Each structure stands twice: as structure tokens, then as C-alpha cells.
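To start, the structure under review is shown below, and the notes come after it.
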Number of protein chains: 4
Amino acid sequence: MTRTALAFDENWLEPDELARLRRRLPMAYINAVPALLDDHGVPEKVGLLLRTGDDGSLVREVIGGRVRFHETLRDALMRHAEKDLGPLAFPSLPSSLNPFHVAEYFPTEGASKLHDPRQHAIALCYILPVQGECTPRQDALSLDWLTPDEALREDIVAEMNHGQEHIVKAALAYMGLLP
Amino acid sequence: MTRTALAFDENWLEPDELARLRRRLPMAYINAVPALLDDHGVPEKVGLLLRTGDDGSLVREVIGGRVRFHETLRDALMRHAEKDLGPLAFPSLPSSLNPFHVAEYFPTEGASKLHDPRQHAIALCYILPVQGECTPRQDALSLDWLTPDEALREDIVAEMNHGQEHIVKAALAYMGLLP
Amino acid sequence: MTRTALAFDENWLEPDELARLRRRLPMAYINAVPALLDDHGVPEKVGLLLRTGDDGSLVREVIGGRVRFHETLRDALMRHAEKDLGPLAFPSLPSSLNPFHVAEYFPTEGASKLHDPRQHAIALCYILPVQGECTPRQDALSLDWLTPDEALREDIVAEMNHGQEHIVKAALAYMGLLP
Amino acid sequence: MTRTALAFDENWLEPDELARLRRRLPMAYINAVPALLDDHGVPEKVGLLLRTGDDGSLVREVIGGRVRFHETLRDALMRHAEKDLGPLAFPSLPSSLNPFHVAEYFPTEGASKLHDPRQHAIALCYILPVQGECTPRQDALSLDWLTPDEALREDIVAEMNHGQEHIVKAALAYMGLLP
């Protein structure tokens, strides 16, 4: 599938052009909440990435990123999972591309629960059970596994980027783990 | 909500620019399958628009269109429903924005079940129960209500635009109406 | 459909026999969370029934009850909605019988989030948008419409029967209304 | 979790009593469609059990069975998966207990798409991705992996037990594999 996508010259966007497009069109995104399973395959913890935010502060995030031109949702999900969790995480892709939640990010503060000053993004949200070892790459400092109670602790929520605590809550509700 | 969107100059795109953007980014779309309910509120038929296609032939379609910059999914759904069904259709918006299906349209023929030569589009698909009277506007010739068996008849499927018979099948399966 | 069910003598169970069966088999249940929509069809509030509990205290509940032998899920949903909301509530049945949540009630306290001393029940949970006037019947004192914040207030949660605040939370998450 | 269940004497039912209860109450069931993934984790084939039916003919089935008193849905799913696929199948339990479909079996022929002369059963349907080796036990002769086209072939559909081809179709639609 990646092969077809590579044949498209238009696939790559220069940072300047991308920044401009982000103000013209809603961007198609995927978000994924890593889930750690117990011995019986029951989801037990969720994974949050710790990153240095644009203003130098520490922020927590779920996995996510843009869907490229001519890229399938599965390929985008796999690409961002590998980018954020490393090559040995062995995540299980969902059987169905029906998301458990759709997150709408708006650039106007207060217009919605999720806010991204760069863009209007529509993110399909998936659960990503992970069986291997996570070695977050790029600018992530760590991937921390948190119990539902920990993930909803006030100090953790305060660190969530773009209001993504709402995605975490929806994920916990979907998995039957919301306290 | 529409009010906020109107404040954005970037919301409007000239046809030329839109055509160019369609080759650079996946376009966020919504698709909606109108459903006619029986006296007990049980879905009974699905609605298909009959239009004149770009090459002059007759094509059948479900409701659909682009999500604009800074437009919510609900507003886009409402806007396209009104555009395609008229102002007196009184459709019921879904309680949740979780789609029953995500349709991926690619511009390369054969790359996927759904094909749109203009663009790569990612469409969130919803059921739209309709209680009022439909008076299709714009370029649609009619809205026809079909039973599940009729909607899957070979001649109807042959008329479906962009391979949208796959959306109709997914909708019927979701509603428990697939023959 | 009700007609077919009536043909079955086995449909009716004496209270004694029902009480005994509740200790032998998981009971098939439906639960429904009434939703009040705003002018644009967006869910805004959830409805909770106020009843006198078995021990005389006041308890709050969502709509619910047993699925009878040879009764369809739609018929059970309609029957319990009418029983709990009155004949003029005009609820919208869901397009699909896929529940937004499955609630498992166990008779052993602490075995699960939902606890029902009478029985093990498996409840398919649905959202029930309501457009008409609710006149709760039977033993319900009132149906109160609560905003998401109100529904999750500590004193309201403390009044919830059987731990059903977990169903309310799952419903709010599903509708994108969880604070 | 199994431990708690074992503490209940009522958990076990004699065949005679079970047969009688099947005519008094809807039975809570789980159904699971085994899915074989390709190298990229994308579902590719579905698994059907081949059994000798009650009348001696060969029938095909998905995984399924009763939920016992005080058994969780996850435990029931795991128990029936192991019973039908053997101990080395290593199925992945779903992240969420929200079923992709609810199947209603009625004892009256023609009352519904699914028919089970023994009982009224309400089955929560799940996809069960399988990574290990399947060695069907009990009375199953084999587990056959079929492509979507093969699973919907007329001769295969004719062999499906209880009308379960409708569950297979719903599963294929949910996974985006319906031809």
C-alpha cells in the first residue's frame, strides 16, 4: 500500500506550504491511545507520551499525526505508532476502521474541547493494544503507562496537550475502565 | 456554531484553489445514508439521490460533501442534508459523532473500493433518519427510497457513483437490514 | 412482532419463578439513557428517573428492564420506554441495535461496577432521544433532565441505583458530552 | 474472576433444566467470528467451524455459546474460544465489550433472520483475531479459513447453521471486507 502512495509526487509538503494549508482546510488526523493488557488480555493501563511542548514546558499526548495524501488510514496508524512507540512495540491494529471517537480540534480557543492553535483537525481515534517494548522516538522523552485513576489525576490532566484528556476519557469509557 | 465559522475569511475556497488542494491533502468528508422508518421507528428503506454525472450519464449517490475549514461535523452534516434533501426533510442528527463506517476514496482506480478521480477523501459515514418531505435541490433529479433488496439490485449498484454501493451495504449491515 | 410473542404461553413468569430464575441464569436486559436535544438536534441533557428504592430511600435510575421470552430488543426497548416515560414521550429508537455500552450487573457486591442483589444481568445500553412530554408512570416520582455537570455531581451520583452512574458516564462519553 | 463464579452452586445446570429454561427466558449468548490477519495486521479471512449437526448433516458455525450465571462476558468469550479453537489459538480479546452486532435468535421459524429451534437467544457478536494455531475440539471436525468471497459463496451459506451467514456478513461489513 505504501508503494502506491510513494508514486505520488504530491505526497510531500514543504513546512511552509503545510502551515498555510492548515489554515485553509480541515486536516485529516489519526489519534491512538496505547493500551497495556493484563495476562488475560484485558486493558489495564493507557500510555501517554511525555514531550517538550513548543513553549518549553512538558506536555503529555496520545499518539497522533496527519494522514498523508494517498495514504490509507491503516498505513497512517502504523506509521505514527512506529514513529511514537518505536519499532519493537508490536501494536495490534484494530479489526475495524470505525473509530471509538472522533476528536475535533479547532484553532479558536474555546470553540471546542480540543484546541490546536495551528489548525482545524478531525482526528479518528483508535485504541492500540501494545504487546512489545516501547522506545519512544523523535522528540518524546518517555512513554508512561498509567492506570485509569492516574491518567485522570488533576496534575496529569493539566499536562495534557490540546485538551487530549477528553480523548483519554472517551477511550477509558469505551474500554469500560472509566472510574 | 456557524457564527464562529463565518468569522474565518479562509473558509471560502475558489474552485481553482480547491481543485489544486484536492491533489495535495486528504479531504475531510461526511457521507450520510437517508433512512425511512416504519410506523414503529424501524429503518425500512434507504434513500439514494439520482443525479446527472459529469459525463452526462445518470448516477446514484448518498448524501455527502466536504467539511469546511472551522466547520463542526454536525454543521457539515446538517448543511449537506439540507442541500441534498431540502429544508423540509427534518433529518435526525446522530446522538454520537462516531460514524458507522469510514469510507476512503482514492484518486487511483483500483487502489480501494471507493474511487474519486478528483481527490483522496476520508468520509465519516452516518445514518440519517428522515421524517419530513424530501425535495432534493441543486443538481439532483430525485431522491428514491429503496428497500434493501432494491438497493442491492445489480442495475442499481451499476449506477452508484464512486463505488458508494459499499457505503450502502455497510449501512444496511449496521441497521441489521442486509439481506 | 408483539403478536408472535403473545402466542407463547411461556412468556409470562410468576414472581416466585422469576426470582428463582434470576439466580440460575444471566438475565437479558436493556438500559436506555433518555437524551434531550437542543434546537439543532444536539444532545444537551440526560434524563434520570427518581424512584423510591426497596429500602424506602430515594434512588435515581436510567430506563431499563428485562427482555421477555420471544420479545425483540426493539419491542423491549419500546415497552420499557413507554412504561418509564409515558405514552407521549415519542422516543426515537436507535437506527442500529449495536449498543453504545454493555453493562454487567452481578449479585456479588464488589464483583463489578454494577451491582444488583437480585440477579446477574447483562444490559444492552442505548441512547433514547426524546421529543415529546415525559409523564413517568409506575413507581417513578419524576423524570429529571440534568446537564452533564449536574448528572455527575457527587450528590446525584450517590443517589444512583445499582452503580448506574457508570452507564451515565459511558453515555456522556459516547455523545461527546463528558466534562 | 473465574474464582468468584465457582463459588456459586447455581452456576451449573442439568441438561433437563437447561432445556426447560431455554423455553422460559432469552438466553444470553456470545458469538465470535475468528479473523486471520495478514502480515500487516489487516483482517484477511474469517474462520468457520465445520460440525455434524443434530440431524447428521454437516453445518458451519461461528464460535458461540451461553454466558453462565455469574460469568463475565470476557470469561465467556475466552471459554468458548478455547473450547472451539483449542488452547494454542491465542485469540486477541476485544478492547471493548461493545459488540459489532447483536444477533437475535428466535425459536419460531421465520420470526427473524436467525433461528434456533431450542431457544430465544440474544448473542453479542465480536471479532476474534487469532494468531496461533487452531485445533478445534469437541464435536467440530475442522476450522476453515475463508476469504470474504468464499465465505459468501452460495454452497457455504447453505451450510451455515441457524442463519449465521448474517453474522458473517455483518462481521465482513464491520471489517470493511464485504465484497
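Residue numbering restarts at 1 in every chain; chains get A, B, ... in the order shown in the C-alpha cells, and ligands count up from 1 in that same order.
The chain D residues that come within 7 Å of chain C are Glu10, Asn11, Arg23, Arg24, Leu25, Pro26, Ala28, Arg68, Phe69, His70, Leu97, Asn98, Pro99, Phe100, His101, Val102, Phe106 and His120 of chain D, with only C-alpha atoms taken into account.
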Output file for the residues above (N, CA and C atoms, as a compact mmCIF listing (two decimals), in the first residue's frame):
# COMPACT_ATOMS: atom_id res chain seq x y z
N GLU D 10 -25.18 -22.35 41.93
CA GLU D 10 -26.21 -22.28 40.89
C GLU D 10 -25.63 -22.26 39.49
N ASN D 11 -24.30 -22.17 39.40
CA ASN D 11 -23.68 -21.99 38.10
C ASN D 11 -23.97 -23.16 37.16
N ARG D 23 -36.90 -22.35 27.21
CA ARG D 23 -38.25 -22.01 26.73
C ARG D 23 -38.93 -20.98 27.63
N ARG D 24 -38.19 -20.46 28.60
CA ARG D 24 -38.79 -19.53 29.55
C ARG D 24 -38.19 -18.14 29.48
N LEU D 25 -36.91 -18.08 29.15
CA LEU D 25 -36.18 -16.81 29.20
C LEU D 25 -35.28 -16.69 27.98
N PRO D 26 -35.02 -15.45 27.52
CA PRO D 26 -33.99 -15.31 26.48
C PRO D 26 -32.64 -15.70 27.08
N ALA D 28 -28.60 -15.49 27.27
CA ALA D 28 -27.51 -14.57 26.93
C ALA D 28 -26.38 -15.38 26.28
N ARG D 68 -22.64 -18.12 31.30
CA ARG D 68 -23.13 -18.78 32.51
C ARG D 68 -23.50 -17.77 33.60
N PHE D 69 -24.25 -18.26 34.57
CA PHE D 69 -24.59 -17.40 35.71
C PHE D 69 -23.31 -16.95 36.40
N HIS D 70 -23.18 -15.67 36.63
CA HIS D 70 -22.05 -15.04 37.32
C HIS D 70 -20.73 -15.12 36.54
N LEU D 97 -16.10 -4.21 25.18
CA LEU D 97 -17.15 -5.22 25.11
C LEU D 97 -18.33 -4.76 24.27
N ASN D 98 -18.24 -3.58 23.67
CA ASN D 98 -19.28 -3.17 22.73
C ASN D 98 -19.24 -4.11 21.53
N PRO D 99 -20.32 -4.85 21.28
CA PRO D 99 -20.30 -5.80 20.18
C PRO D 99 -20.43 -5.08 18.83
N PHE D 100 -19.92 -5.70 17.76
CA PHE D 100 -20.11 -5.09 16.44
C PHE D 100 -21.51 -5.37 15.92
N HIS D 101 -22.22 -6.29 16.58
CA HIS D 101 -23.55 -6.69 16.12
C HIS D 101 -24.23 -7.45 17.26
N VAL D 102 -25.55 -7.35 17.33
CA VAL D 102 -26.30 -8.17 18.27
C VAL D 102 -27.22 -9.07 17.44
N PHE D 106 -34.59 -16.62 17.29
CA PHE D 106 -35.90 -16.98 17.83
C PHE D 106 -36.23 -18.43 17.49
N HIS D 120 -34.78 -18.88 22.47
CA HIS D 120 -34.62 -17.47 22.13
C HIS D 120 -33.28 -17.06 22.73
What's around D:Arg51 at 8 Å? Count only C-alpha atoms, leave out sequence neighbours fewer than 3 positions away in its own chain, and write the answer as a list in words. Leu58, Val59, Arg60, Glu61, Asp139, Ala140, Leu141 and Ser142 of chain D
Let's see if you can do this: from backbone DSSP, list all helix (DSSP H, G or I) residues in stretch 12-135 of chain B, as JSON, numbers by chain. {"B": [15, 16, 17, 18, 19, 20, 21, 73, 74, 75, 76, 77, 78, 79, 80, 81, 82, 83, 84, 85]}
Write down as a PyMOL selection string the residues of stretch 2-177 of chain D whose backbone DSSP state falls under strand (DSSP E or B). chain D and resi 27-37+43-52+58-61+63-66+91+101-106+114-115+121-130+140-146+160
Excluding A:Lys113 and its own-chain neighbours fewer than 4 positions away, which residues fall within 10 Å of it when counting only C-alpha atoms? Please give them as a list in words. Ala103, Glu104, Tyr105, Phe106, Glu109, His162, Gly163, Gln164, Glu165, His166 and Ile167 of chain A; Gly176, Leu177 and Pro179 of chain C
Could you write out that same residue set with C-alpha atoms as a short mmCIF file (atom, residue, chain, number, x, y, z; two decimals), in the first residue's frame?
data_model
loop_
_atom_site.label_atom_id
_atom_site.label_comp_id
_atom_site.auth_asym_id
_atom_site.auth_seq_id
_atom_site.Cartn_x
_atom_site.Cartn_y
_atom_site.Cartn_z
CA ALA A 103 -11.97 14.41 18.01
CA GLU A 104 -12.47 17.85 16.51
CA TYR A 105 -9.61 20.32 17.14
CA PHE A 106 -10.27 23.99 16.36
CA GLU A 109 -9.67 28.78 21.78
CA HIS A 162 -4.56 20.31 23.18
CA GLY A 163 -7.20 19.10 25.68
CA GLN A 164 -6.47 15.46 24.83
CA GLU A 165 -7.69 14.38 28.29
CA HIS A 166 -11.07 14.22 26.54
CA ILE A 167 -9.73 11.56 24.19
CA GLY C 176 -19.15 13.71 23.38
CA LEU C 177 -20.64 15.39 26.46
CA PRO C 179 -16.99 17.19 31.03
#
For B:Ile63, find every residue with an atom within 12 Å (counting only C-alpha atoms), except residues of its own chain fewer than 2 positions away, and show them as a PyMOL selection string. chain B and resi 29-35+46-51+60-61+65-66+76-86+91+123-128+136-137+140+143+161+164+167-168
Go ahead and write the residues just picked, C-alpha atoms, as a PDB file, in the first residue's frame.
ATOM      1  CA  TYR B  29     -15.855  14.451   4.032  1.00  0.00           C
ATOM      2  CA  ILE B  30     -19.123  13.359   5.509  1.00  0.00           C
ATOM      3  CA  ASN B  31     -21.454  10.837   3.878  1.00  0.00           C
ATOM      4  CA  ALA B  32     -24.967  10.195   5.097  1.00  0.00           C
ATOM      5  CA  VAL B  33     -27.410   7.456   4.149  1.00  0.00           C
ATOM      6  CA  PRO B  34     -31.015   8.683   4.495  1.00  0.00           C
ATOM      7  CA  ALA B  35     -33.232   6.122   6.215  1.00  0.00           C
ATOM      8  CA  VAL B  46     -32.621   3.822   2.264  1.00  0.00           C
ATOM      9  CA  GLY B  47     -32.632   6.953   0.133  1.00  0.00           C
ATOM     10  CA  LEU B  48     -30.468   7.400  -2.946  1.00  0.00           C
ATOM     11  CA  LEU B  49     -30.086  10.628  -4.904  1.00  0.00           C
ATOM     12  CA  LEU B  50     -30.296  10.424  -8.674  1.00  0.00           C
ATOM     13  CA  ARG B  51     -28.030  12.939 -10.414  1.00  0.00           C
ATOM     14  CA  ARG B  60     -26.935   7.411  -7.825  1.00  0.00           C
ATOM     15  CA  GLU B  61     -25.364   8.768  -4.665  1.00  0.00           C
ATOM     16  CA  GLY B  65     -19.724  16.679   0.811  1.00  0.00           C
ATOM     17  CA  ARG B  66     -16.717  18.405   2.195  1.00  0.00           C
ATOM     18  CA  ALA B  76     -21.398  19.935   7.894  1.00  0.00           C
ATOM     19  CA  LEU B  77     -23.854  17.065   8.252  1.00  0.00           C
ATOM     20  CA  MET B  78     -26.769  19.479   8.621  1.00  0.00           C
ATOM     21  CA  ARG B  79     -25.604  21.669   5.731  1.00  0.00           C
ATOM     22  CA  HIS B  80     -25.238  18.782   3.298  1.00  0.00           C
ATOM     23  CA  ALA B  81     -28.508  17.189   4.443  1.00  0.00           C
ATOM     24  CA  GLU B  82     -30.351  20.426   3.757  1.00  0.00           C
ATOM     25  CA  LYS B  83     -28.548  20.933   0.455  1.00  0.00           C
ATOM     26  CA  ASP B  84     -29.403  17.425  -0.742  1.00  0.00           C
ATOM     27  CA  LEU B  85     -32.818  16.803   0.878  1.00  0.00           C
ATOM     28  CA  GLY B  86     -34.330  20.259   1.021  1.00  0.00           C
ATOM     29  CA  PRO B  91     -33.463  14.653   9.465  1.00  0.00           C
ATOM     30  CA  ALA B 123     -15.612  10.275   4.667  1.00  0.00           C
ATOM     31  CA  LEU B 124     -17.250   9.721   8.033  1.00  0.00           C
ATOM     32  CA  CYS B 125     -20.485   7.869   7.304  1.00  0.00           C
ATOM     33  CA  TYR B 126     -23.725   8.358   9.259  1.00  0.00           C
ATOM     34  CA  ILE B 127     -27.314   7.134   9.102  1.00  0.00           C
ATOM     35  CA  LEU B 128     -29.805   9.974   8.703  1.00  0.00           C
ATOM     36  CA  PRO B 136     -33.792  17.350  -3.446  1.00  0.00           C
ATOM     37  CA  ARG B 137     -32.222  20.562  -4.593  1.00  0.00           C
ATOM     38  CA  ALA B 140     -30.273  16.108  -8.017  1.00  0.00           C
ATOM     39  CA  LEU B 143     -34.455  11.051  -4.102  1.00  0.00           C
ATOM     40  CA  ASN B 161     -21.213   6.794  -8.113  1.00  0.00           C
ATOM     41  CA  GLN B 164     -20.771   4.033  -2.951  1.00  0.00           C
ATOM     42  CA  ILE B 167     -21.368   2.519   1.910  1.00  0.00           C
ATOM     43  CA  VAL B 168     -24.951   1.392   1.326  1.00  0.00           C
TER      44      VAL B 168
END
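Residue neighbourhood of A:Val42, excluding near-sequence residues (fewer than 2 positions): A:Leu36, A:Leu37, A:Asp38, A:Asp39, A:His40, A:Glu44, D:Arg74, D:Leu93, D:Pro94, D:Ser95, at 9 Å, using only C-alpha atoms.
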Written file, previous selection with C-alpha atoms, as a PDB file, in the first residue's frame:
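Now in again_27.pdb:
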ATOM      1  CA  LEU A  36      -1.422  -2.232  28.065  1.00  0.00           C
ATOM      2  CA  LEU A  37      -3.214  -5.539  28.609  1.00  0.00           C
ATOM      3  CA  ASP A  38      -3.091  -7.783  31.665  1.00  0.00           C
ATOM      4  CA  ASP A  39      -2.368 -11.527  31.439  1.00  0.00           C
ATOM      5  CA  HIS A  40      -5.951 -12.210  30.359  1.00  0.00           C
ATOM      6  CA  GLU A  44      -5.341  -2.219  32.258  1.00  0.00           C
TER       7      GLU A  44
ATOM      8  CA  ARG D  74     -14.805 -11.707  28.764  1.00  0.00           C
ATOM      9  CA  LEU D  93      -9.890 -10.346  23.142  1.00  0.00           C
ATOM     10  CA  PRO D  94     -11.555  -7.085  22.073  1.00  0.00           C
ATOM     11  CA  SER D  95     -10.511  -3.836  23.825  1.00  0.00           C
TER      12      SER D  95
END
Hey, can you check how far atom CA of D:Ser57 sits from atom CA of D:Gly110? 21.2 Å
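What separates atom CA of D:Ala151 from atom CA of A:Gly41 is a distance of 28.2 Å.
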